[in-house]
Amino acid sequence: MKRALAAFACLLAATAWAEDFKFDAAEFDKQPFEFGGYLELKADRSWLKRDGSFYKLNGLARDTLDRNTATLKLNAKYTQGIASLKLSAAAEQRRDQLISEGSARFDEAYVSFKPDPGFTLDIGKQALKWGKGYAWNPVGFVERMKDPNDVELAREGYTMLAADFIRNFADDGGELKTIAFTPVLLPVGAQTNHDFGQPNHLNVAAKLYLLYRDTDIDFTWLGQGSRGSRFGIDFSRNLSSVLEIHGEWARLQDVEQRRIDAAGKVTSEVRDATSYLLGLRYLTERDTTWIAEYYRNGGGYTESQLTDFHRVVDSGNSALLAKARQISPAYGRANAGERYLYLRASQKEPFDIVYFTPSITLIGNLDDRSYSLSPELLYNGVTNLDLRLRATWLHGGEHSEFGEKQNARKLELMARYYF
Amino acid sequence: MKKLLTTLLCLLALAPVPALSAPVLDGAAILQKVDRNLEPESYEMLRKLINIEPDGKKKEFVLYSVKKGRDKIVALFLAPQSDKGRATLRLGDNMWLYIPEVGKPMRITSLQSVTGGVFNNADILRIDYTAEYKVEAAAEEKDQYLLTLKAKTNEVAYDKLKMWVDRKALLPVTIECYAASGMLIKTLRFADIKDFGGGIKRPATIETDSPLYKDYKSVMLYANIKKRSFPDEVFSLNYLPRVEDLRK
């Protein structure tokens, strides 16, 4: 009887094993049409800063602002032979105590032809992303600017014709293992890519990638057209199994900078600028990942230029305030200054809680010593569900970049469900 | 005469007798066979990776992988939906991760994990053992060989491996992975030998646990391992967003 019970127990255990670790590969057969996306719900509260320049410019007249945002992101791909159509759309609805508004757009909509693994031709709207930096990409010449506060945020692409040629020499045993060339044609007209720059230009850009001596190297270039010509270089390399180093350098010609002086006089200057970035990522023995980047924004405002702008806002003169409001998008953009530090520490699965990643991010303006500090808790232990709680404190003195923002602090809860 | 015979006998006794001495184990040859018995040089396959928490809760990932030569491998996430489209590439000691939302490949390191759980990137993007390790010692045990492997460079995830190999099948049974400090990082257990066709007969399940993740377990299940050749261009950063196109 005992033996029979033991045998039965073994059989049960074996069945449980088989059930636990079943893998039906047929479920994952390739389909010509694929569809997916996510639904994201976000609730945030901002504690406003009444003496901040951007509070005054935005005429808020309240102490807090509660906002709810729903975002639906849809991705679809249809493949037929060597051609495929890729669509990526986003619809967003935002509501707070002041406004309720919605928006919808295609981030990407393009057709790819891949007659050979070494050649691809893409036609349509697509989001190319160049550079090696996490928070900033000075060599990203044909893309919309990245938000360093949320680097994975989807960005709208530009309509273009892009090709990709790849040659791999890994088997040759030489120092050069891969070479890839990506030429781009980007038209700008009244209806097409109008926010890229001056209309009626067919812009030409290119990227040359090399994997040389275990180092990724890109040479990027954008010809004179809707924007001034520019060229750059970036690199990335693993120094050990726990340490990576990367950098970018870009020379930009004919960069226009509009500014306002303390007297309220608005001027425009066209000049050449050099931007660069140096960063590293380090994984400690305790599974903490550190990312540090130093960024020099050649097209940014100096500390005194930023101070002049905030003084104009503080003047209380309505005519000057109107001028400042007009020019404020340039001063209010993310990281409008010259020298920045990005520092992020994230701890993988502390206290043996898997899929739980707490992190803290600091973005500091090194010229005026103002900064934003964002602790974050991310949990993705439930399949296809990401939960994120993030707080942000903005700190800085009078007339400093982060000290004059609209918010003093912010708390945000986000749930994203993938389907 | 007696003296001559005695001298001859002594000389015979002292002379090496190759036929009677124990054969010297060629650990490098065993390791090479282990590599080829586990996978052909160029192939494609599907894997399911299951992370199991102490309370029994599971999280599953499905990856499509292609490999060429000793040290080139690409893996594409097919599931869950939140990770679909992510792709990882390994060329020797170099590793990258492509996340569609980020839109460009980022360098990653072998000790990180793209899936969380006990398997790290070096386990998920494993290349031939002979590409990363040299055999330091080989010994015979009852039904197994015990190979002690030492990493060829500092870039390799584990400094030392102890690999128990089935003598008959020349397939790994257990692998213990150690850090340079001598600390045991994890143990891999190979089970469920299955005939995948095309002459590929290997364990279909790898289970792992780690003293660093007490009571956690990760399992890797293999399916559809097929010999297939790929052009070199597939193993490049620019190709990562298109790995899906390789699937038939």
# chains A, B, ... in the order shown; residues from 1 in each chain; ligands from 1
$ interface_residues --of "chain B" --to "chain A" --cutoff "8 Å" --atoms "only C-alpha atoms" --output "ChimeraX atom specification"
/B:46,48,50,53,59-60,78,80-82,94,101-104,106-112,116-117,154-157,213-214,221,223-224,231-236,238-239,247-248
$ write_last_selection --atoms "N, CA and C atoms" --output "tab-separated table (two decimals), in the first residue's frame"
chain	number	residue	atom	x	y	z
B	46	LEU	N	13.60	27.77	-30.84
B	46	LEU	CA	12.70	28.51	-29.96
B	46	LEU	C	13.01	28.09	-28.53
B	48	LYS	N	11.61	28.68	-24.37
B	48	LYS	CA	10.74	29.32	-23.38
B	48	LYS	C	11.54	29.42	-22.09
B	50	ILE	N	11.30	30.34	-18.13
B	50	ILE	CA	10.31	30.49	-17.05
B	50	ILE	C	11.03	30.87	-15.76
B	53	GLU	N	9.03	32.12	-8.85
B	53	GLU	CA	9.27	32.77	-7.56
B	53	GLU	C	9.02	31.78	-6.42
B	59	LYS	N	6.79	33.75	-14.42
B	59	LYS	CA	6.78	34.69	-15.54
B	59	LYS	C	7.50	34.02	-16.70
B	60	GLU	N	6.88	34.07	-17.87
B	60	GLU	CA	7.42	33.32	-19.01
B	60	GLU	C	7.84	34.25	-20.15
B	78	LEU	N	9.50	36.85	-28.49
B	78	LEU	CA	8.19	36.69	-29.12
B	78	LEU	C	7.08	36.87	-28.10
B	80	PRO	N	6.58	37.77	-23.48
B	80	PRO	CA	5.20	38.29	-23.46
B	80	PRO	C	5.08	39.52	-24.34
B	81	GLN	N	3.87	39.98	-24.49
B	81	GLN	CA	3.57	41.10	-25.36
B	81	GLN	C	4.38	42.35	-24.96
B	82	SER	N	4.62	42.51	-23.66
B	82	SER	CA	5.35	43.70	-23.18
B	82	SER	C	6.80	43.71	-23.66
B	94	ASN	N	30.93	41.05	-27.10
B	94	ASN	CA	30.07	42.22	-27.26
B	94	ASN	C	28.60	41.81	-27.23
B	101	GLU	N	10.82	50.61	-28.38
B	101	GLU	CA	10.45	51.95	-27.91
B	101	GLU	C	11.67	52.89	-27.89
B	102	VAL	N	12.82	52.33	-27.53
B	102	VAL	CA	14.03	53.15	-27.49
B	102	VAL	C	14.54	53.38	-28.92
B	103	GLY	N	14.36	52.37	-29.77
B	103	GLY	CA	14.61	52.54	-31.20
B	103	GLY	C	16.05	52.38	-31.64
B	104	LYS	N	16.95	52.07	-30.72
B	104	LYS	CA	18.34	51.86	-31.13
B	104	LYS	C	18.99	50.87	-30.17
B	106	MET	N	21.45	49.21	-27.50
B	106	MET	CA	22.30	49.69	-26.41
B	106	MET	C	23.23	48.55	-26.02
B	107	ARG	N	24.44	48.89	-25.67
B	107	ARG	CA	25.35	47.85	-25.19
B	107	ARG	C	24.89	47.36	-23.82
B	108	ILE	N	24.95	46.06	-23.63
B	108	ILE	CA	24.63	45.48	-22.33
B	108	ILE	C	25.82	44.62	-21.92
B	109	THR	N	25.83	44.20	-20.67
B	109	THR	CA	26.95	43.38	-20.21
B	109	THR	C	26.46	41.98	-19.84
B	110	SER	N	27.39	41.05	-19.81
B	110	SER	CA	27.03	39.64	-19.67
B	110	SER	C	26.38	39.31	-18.32
B	111	LEU	N	26.69	40.09	-17.29
B	111	LEU	CA	26.14	39.75	-15.97
B	111	LEU	C	24.77	40.37	-15.72
B	112	GLN	N	24.33	41.26	-16.61
B	112	GLN	CA	22.96	41.78	-16.48
B	112	GLN	C	22.00	40.72	-16.99
B	116	GLY	N	15.32	39.31	-16.19
B	116	GLY	CA	15.20	39.18	-14.75
B	116	GLY	C	15.31	37.71	-14.38
B	117	GLY	N	15.22	37.39	-13.09
B	117	GLY	CA	15.33	35.99	-12.68
B	117	GLY	C	16.78	35.54	-12.62
B	154	ASN	N	38.73	38.30	-18.96
B	154	ASN	CA	37.95	38.88	-17.86
B	154	ASN	C	36.53	39.23	-18.28
B	155	GLU	N	36.29	39.28	-19.60
B	155	GLU	CA	34.98	39.66	-20.13
B	155	GLU	C	33.94	38.56	-19.89
B	156	VAL	N	34.41	37.33	-19.70
B	156	VAL	CA	33.49	36.19	-19.59
B	156	VAL	C	32.73	36.27	-18.25
B	157	ALA	N	31.44	35.92	-18.30
B	157	ALA	CA	30.58	36.12	-17.14
B	157	ALA	C	31.05	35.34	-15.91
B	213	TYR	N	19.87	34.01	-5.26
B	213	TYR	CA	18.41	34.18	-5.38
B	213	TYR	C	17.76	33.01	-4.65
B	214	LYS	N	17.76	33.09	-3.34
B	214	LYS	CA	17.29	31.97	-2.53
B	214	LYS	C	15.83	31.65	-2.86
B	221	LEU	N	13.27	25.95	-21.68
B	221	LEU	CA	12.78	24.82	-22.46
B	221	LEU	C	13.12	25.04	-23.92
B	223	ALA	N	12.80	24.07	-28.11
B	223	ALA	CA	11.92	23.48	-29.13
B	223	ALA	C	12.42	23.89	-30.51
B	224	ASN	N	12.03	23.10	-31.51
B	224	ASN	CA	12.30	23.42	-32.93
B	224	ASN	C	13.77	23.77	-33.21
B	231	PRO	N	23.30	34.47	-43.42
B	231	PRO	CA	24.39	35.37	-43.84
B	231	PRO	C	24.94	36.13	-42.64
B	232	ASP	N	26.18	36.53	-42.71
B	232	ASP	CA	26.82	37.24	-41.59
B	232	ASP	C	26.11	38.54	-41.23
B	233	GLU	N	25.48	39.17	-42.23
B	233	GLU	CA	24.86	40.48	-42.02
B	233	GLU	C	23.75	40.43	-40.96
B	234	VAL	N	23.19	39.23	-40.75
B	234	VAL	CA	22.14	39.07	-39.74
B	234	VAL	C	22.67	39.42	-38.35
B	235	PHE	N	23.97	39.22	-38.16
B	235	PHE	CA	24.57	39.42	-36.83
B	235	PHE	C	25.21	40.81	-36.76
B	236	SER	N	24.37	41.82	-36.94
B	236	SER	CA	24.86	43.19	-36.88
B	236	SER	C	23.80	44.09	-36.24
B	238	ASN	N	22.51	46.93	-37.12
B	238	ASN	CA	21.49	47.47	-38.01
B	238	ASN	C	20.41	46.44	-38.33
B	239	TYR	N	20.74	45.15	-38.19
B	239	TYR	CA	19.76	44.12	-38.52
B	239	TYR	C	18.82	43.82	-37.35
B	247	ARG	N	12.23	34.61	-39.50
B	247	ARG	CA	11.34	33.50	-39.16
B	247	ARG	C	10.54	33.07	-40.38
B	248	LYS	N	10.38	31.75	-40.53
B	248	LYS	CA	9.63	31.24	-41.69
B	248	LYS	C	8.24	30.84	-41.28
$ residues_around --residues "A:Ser268" --least-positions-apart "5" --cutoff "8 Å" --atoms "only C-alpha atoms" --output "PDB file with N, CA and C atoms, in the first residue's frame"
ATOM      1  N   GLU A 256      20.443  78.765 -35.081  1.00  0.00           N
ATOM      2  CA  GLU A 256      19.815  80.034 -34.726  1.00  0.00           C
ATOM      3  C   GLU A 256      19.415  80.011 -33.253  1.00  0.00           C
ATOM      4  N   GLN A 257      19.789  81.070 -32.545  1.00  0.00           N
ATOM      5  CA  GLN A 257      19.382  81.180 -31.142  1.00  0.00           C
ATOM      6  C   GLN A 257      18.688  82.522 -30.939  1.00  0.00           C
ATOM      7  N   ARG A 258      17.436  82.453 -30.518  1.00  0.00           N
ATOM      8  CA  ARG A 258      16.687  83.681 -30.217  1.00  0.00           C
ATOM      9  C   ARG A 258      16.773  83.897 -28.719  1.00  0.00           C
ATOM     10  N   ARG A 259      17.077  85.135 -28.331  1.00  0.00           N
ATOM     11  CA  ARG A 259      17.164  85.379 -26.897  1.00  0.00           C
ATOM     12  C   ARG A 259      16.659  86.775 -26.547  1.00  0.00           C
TER      13      ARG A 259
END
$ closest_residue --among "B:Asn121, B:Asn51, B:Thr88, B:Thr187" --to "B:Lys217" --atoms "only C-alpha atoms"
B:Asn51
$ closest_residue --among "A:Ala90, A:Leu85, A:Val184, A:Ala250" --to "A:Lys73" --atoms "only C-alpha atoms"
A:Ala90
$ residues_around --residues "B:Glu207" --least-positions-apart "3" --cutoff "7 Å" --atoms "only C-alpha atoms" --output "ChimeraX atom specification"
/B:188-190,218-220
$ closest_residue --among "B:Arg228, B:Lys142, B:Arg242, B:Arg86" --to "B:Trp164" --atoms "only C-alpha atoms"
B:Lys142
$ residues_around --residues "stretch 141-145 of chain A" --least-positions-apart "6" --cutoff "10 Å" --atoms "only C-alpha atoms" --output "PDB file with C-alpha atoms, in the first residue's frame"
ATOM      1  CA  GLN A 126       9.732  56.546 -39.371  1.00  0.00           C
ATOM      2  CA  ALA A 127      11.568  57.413 -36.185  1.00  0.00           C
ATOM      3  CA  LEU A 128      15.310  57.012 -36.738  1.00  0.00           C
ATOM      4  CA  LYS A 129      17.317  57.244 -33.536  1.00  0.00           C
ATOM      5  CA  TRP A 130      21.012  57.936 -33.731  1.00  0.00           C
ATOM      6  CA  GLY A 131      23.594  58.252 -30.992  1.00  0.00           C
ATOM      7  CA  ARG A 155       8.675  59.916 -30.434  1.00  0.00           C
ATOM      8  CA  GLU A 156       7.026  60.881 -33.690  1.00  0.00           C
ATOM      9  CA  GLY A 157       9.107  60.156 -36.763  1.00  0.00           C
ATOM     10  CA  TYR A 158       9.713  62.124 -39.963  1.00  0.00           C
ATOM     11  CA  MET A 160      11.717  60.023 -45.343  1.00  0.00           C
ATOM     12  CA  VAL A 184      18.498  59.318 -45.739  1.00  0.00           C
ATOM     13  CA  LEU A 185      16.449  61.710 -47.896  1.00  0.00           C
ATOM     14  CA  LEU A 186      14.128  63.915 -45.848  1.00  0.00           C
ATOM     15  CA  ASP A 195       8.585  71.397 -38.131  1.00  0.00           C
ATOM     16  CA  PHE A 196      11.992  70.055 -39.202  1.00  0.00           C
ATOM     17  CA  ASN A 203      17.596  67.227 -46.864  1.00  0.00           C
ATOM     18  CA  VAL A 204      20.307  64.617 -47.212  1.00  0.00           C
ATOM     19  CA  ALA A 205      21.705  62.815 -44.188  1.00  0.00           C
ATOM     20  CA  ALA A 206      23.780  59.703 -43.618  1.00  0.00           C
ATOM     21  CA  LYS A 207      25.217  57.477 -40.911  1.00  0.00           C
ATOM     22  CA  THR A 220      26.749  61.030 -38.756  1.00  0.00           C
ATOM     23  CA  TRP A 221      26.128  63.870 -41.177  1.00  0.00           C
ATOM     24  CA  LEU A 222      23.308  66.180 -42.256  1.00  0.00           C
ATOM     25  CA  ARG A 227      18.841  73.240 -41.038  1.00  0.00           C
ATOM     26  CA  SER A 229      24.861  71.368 -42.008  1.00  0.00           C
ATOM     27  CA  ARG A 230      26.220  69.271 -39.166  1.00  0.00           C
ATOM     28  CA  PHE A 231      28.400  66.267 -38.609  1.00  0.00           C
ATOM     29  CA  GLY A 232      29.267  64.116 -35.642  1.00  0.00           C
ATOM     30  CA  ALA A 250      28.688  66.983 -32.934  1.00  0.00           C
ATOM     31  CA  LEU A 252      26.488  72.143 -35.858  1.00  0.00           C
ATOM     32  CA  ARG A 333      12.417  73.326 -23.560  1.00  0.00           C
ATOM     33  CA  ALA A 334      14.015  70.425 -21.742  1.00  0.00           C
TER      34      ALA A 334
END
$ select_by_dssp --residues "stretch 79-156 of chain A" --states "strand (DSSP E or B)" --output "PyMOL selection string"
chain A and resi 79-80+83-96+100-116+119-126
$ write_last_selection --atoms "C-alpha atoms" --output "PDB file, in the first residue's frame"
ATOM      1  CA  THR A  79       4.455  41.158 -44.243  1.00  0.00           C
ATOM      2  CA  GLN A  80       4.167  39.934 -47.807  1.00  0.00           C
ATOM      3  CA  ALA A  83       7.827  43.861 -48.357  1.00  0.00           C
ATOM      4  CA  SER A  84       6.314  44.811 -45.027  1.00  0.00           C
ATOM      5  CA  LEU A  85       4.085  47.642 -43.853  1.00  0.00           C
ATOM      6  CA  LYS A  86       4.581  48.953 -40.335  1.00  0.00           C
ATOM      7  CA  LEU A  87       2.169  51.239 -38.528  1.00  0.00           C
ATOM      8  CA  SER A  88       2.553  52.741 -35.087  1.00  0.00           C
ATOM      9  CA  ALA A  89      -0.170  55.086 -33.852  1.00  0.00           C
ATOM     10  CA  ALA A  90      -0.834  56.820 -30.537  1.00  0.00           C
ATOM     11  CA  ALA A  91      -4.006  58.468 -29.228  1.00  0.00           C
ATOM     12  CA  GLU A  92      -3.988  60.424 -25.984  1.00  0.00           C
ATOM     13  CA  GLN A  93      -6.663  62.060 -23.854  1.00  0.00           C
ATOM     14  CA  ARG A  94      -5.645  64.427 -21.028  1.00  0.00           C
ATOM     15  CA  ARG A  95      -7.861  66.027 -18.439  1.00  0.00           C
ATOM     16  CA  ASP A  96      -7.022  68.336 -15.530  1.00  0.00           C
ATOM     17  CA  SER A 100      -9.522  68.562 -21.390  1.00  0.00           C
ATOM     18  CA  GLU A 101      -7.824  67.789 -24.672  1.00  0.00           C
ATOM     19  CA  GLY A 102      -6.994  64.913 -26.940  1.00  0.00           C
ATOM     20  CA  SER A 103      -4.521  64.155 -29.676  1.00  0.00           C
ATOM     21  CA  ALA A 104      -3.884  61.360 -32.152  1.00  0.00           C
ATOM     22  CA  ARG A 105      -0.977  60.773 -34.486  1.00  0.00           C
ATOM     23  CA  PHE A 106       0.981  58.220 -36.424  1.00  0.00           C
ATOM     24  CA  ASP A 107       4.455  57.930 -34.929  1.00  0.00           C
ATOM     25  CA  GLU A 108       5.472  55.658 -37.778  1.00  0.00           C
ATOM     26  CA  ALA A 109       3.868  54.496 -41.041  1.00  0.00           C
ATOM     27  CA  TYR A 110       6.288  53.084 -43.566  1.00  0.00           C
ATOM     28  CA  VAL A 111       6.905  50.336 -46.079  1.00  0.00           C
ATOM     29  CA  SER A 112      10.104  48.298 -45.988  1.00  0.00           C
ATOM     30  CA  PHE A 113      11.628  46.336 -48.840  1.00  0.00           C
ATOM     31  CA  LYS A 114      14.200  43.745 -47.807  1.00  0.00           C
ATOM     32  CA  PRO A 115      15.421  41.905 -50.886  1.00  0.00           C
ATOM     33  CA  ASP A 116      18.588  40.838 -49.086  1.00  0.00           C
ATOM     34  CA  PHE A 119      20.034  45.757 -47.871  1.00  0.00           C
ATOM     35  CA  THR A 120      16.808  47.454 -46.743  1.00  0.00           C
ATOM     36  CA  LEU A 121      14.831  50.321 -48.247  1.00  0.00           C
ATOM     37  CA  ASP A 122      12.267  52.135 -46.057  1.00  0.00           C
ATOM     38  CA  ILE A 123       9.749  54.654 -47.417  1.00  0.00           C
ATOM     39  CA  GLY A 124       7.384  56.620 -45.206  1.00  0.00           C
ATOM     40  CA  LYS A 125       7.251  58.097 -41.741  1.00  0.00           C
ATOM     41  CA  GLN A 126       9.732  56.546 -39.371  1.00  0.00           C
TER      42      GLN A 126
END
$ atom_distance --atom1 "atom CA of B:Leu89" --atom2 "atom CA of B:Ala28"
26.9 Å
$ select_by_dssp --residues "stretch 43-224 of chain A" --states "helix (DSSP H, G or I)" --output "list of chain:residue names"
A:Ser53, A:Phe54, A:Tyr55, A:Lys56, A:Leu57, A:Asn58, A:Ala170, A:Asp171, A:Asp172
$ residues_around --residues "B:Tyr133" --least-positions-apart "6" --cutoff "12 Å" --atoms "only C-alpha atoms" --output "list of chain:residue names"
B:Gly27, B:Ala28, B:Leu31, B:Gln32, B:Asp35, B:Ile127, B:Leu147, B:Thr148, B:Leu149, B:Lys150, B:Ala151, B:Lys152, B:Thr153, B:Asn154, B:Glu155, B:Val156, B:Ala157, B:Tyr158, B:Asp159, B:Lys160, B:Leu161, B:Lys162, B:Met163, B:Cys177
$ atom_distance --atom1 "atom CA of B:Asp83" --atom2 "atom CA of A:Leu413"
21.1 Å
$ closest_residue --among "A:Thr71, A:Ser359, A:Asn335, A:Ser46" --to "A:Trp393" --atoms "only C-alpha atoms"
A:Ser46
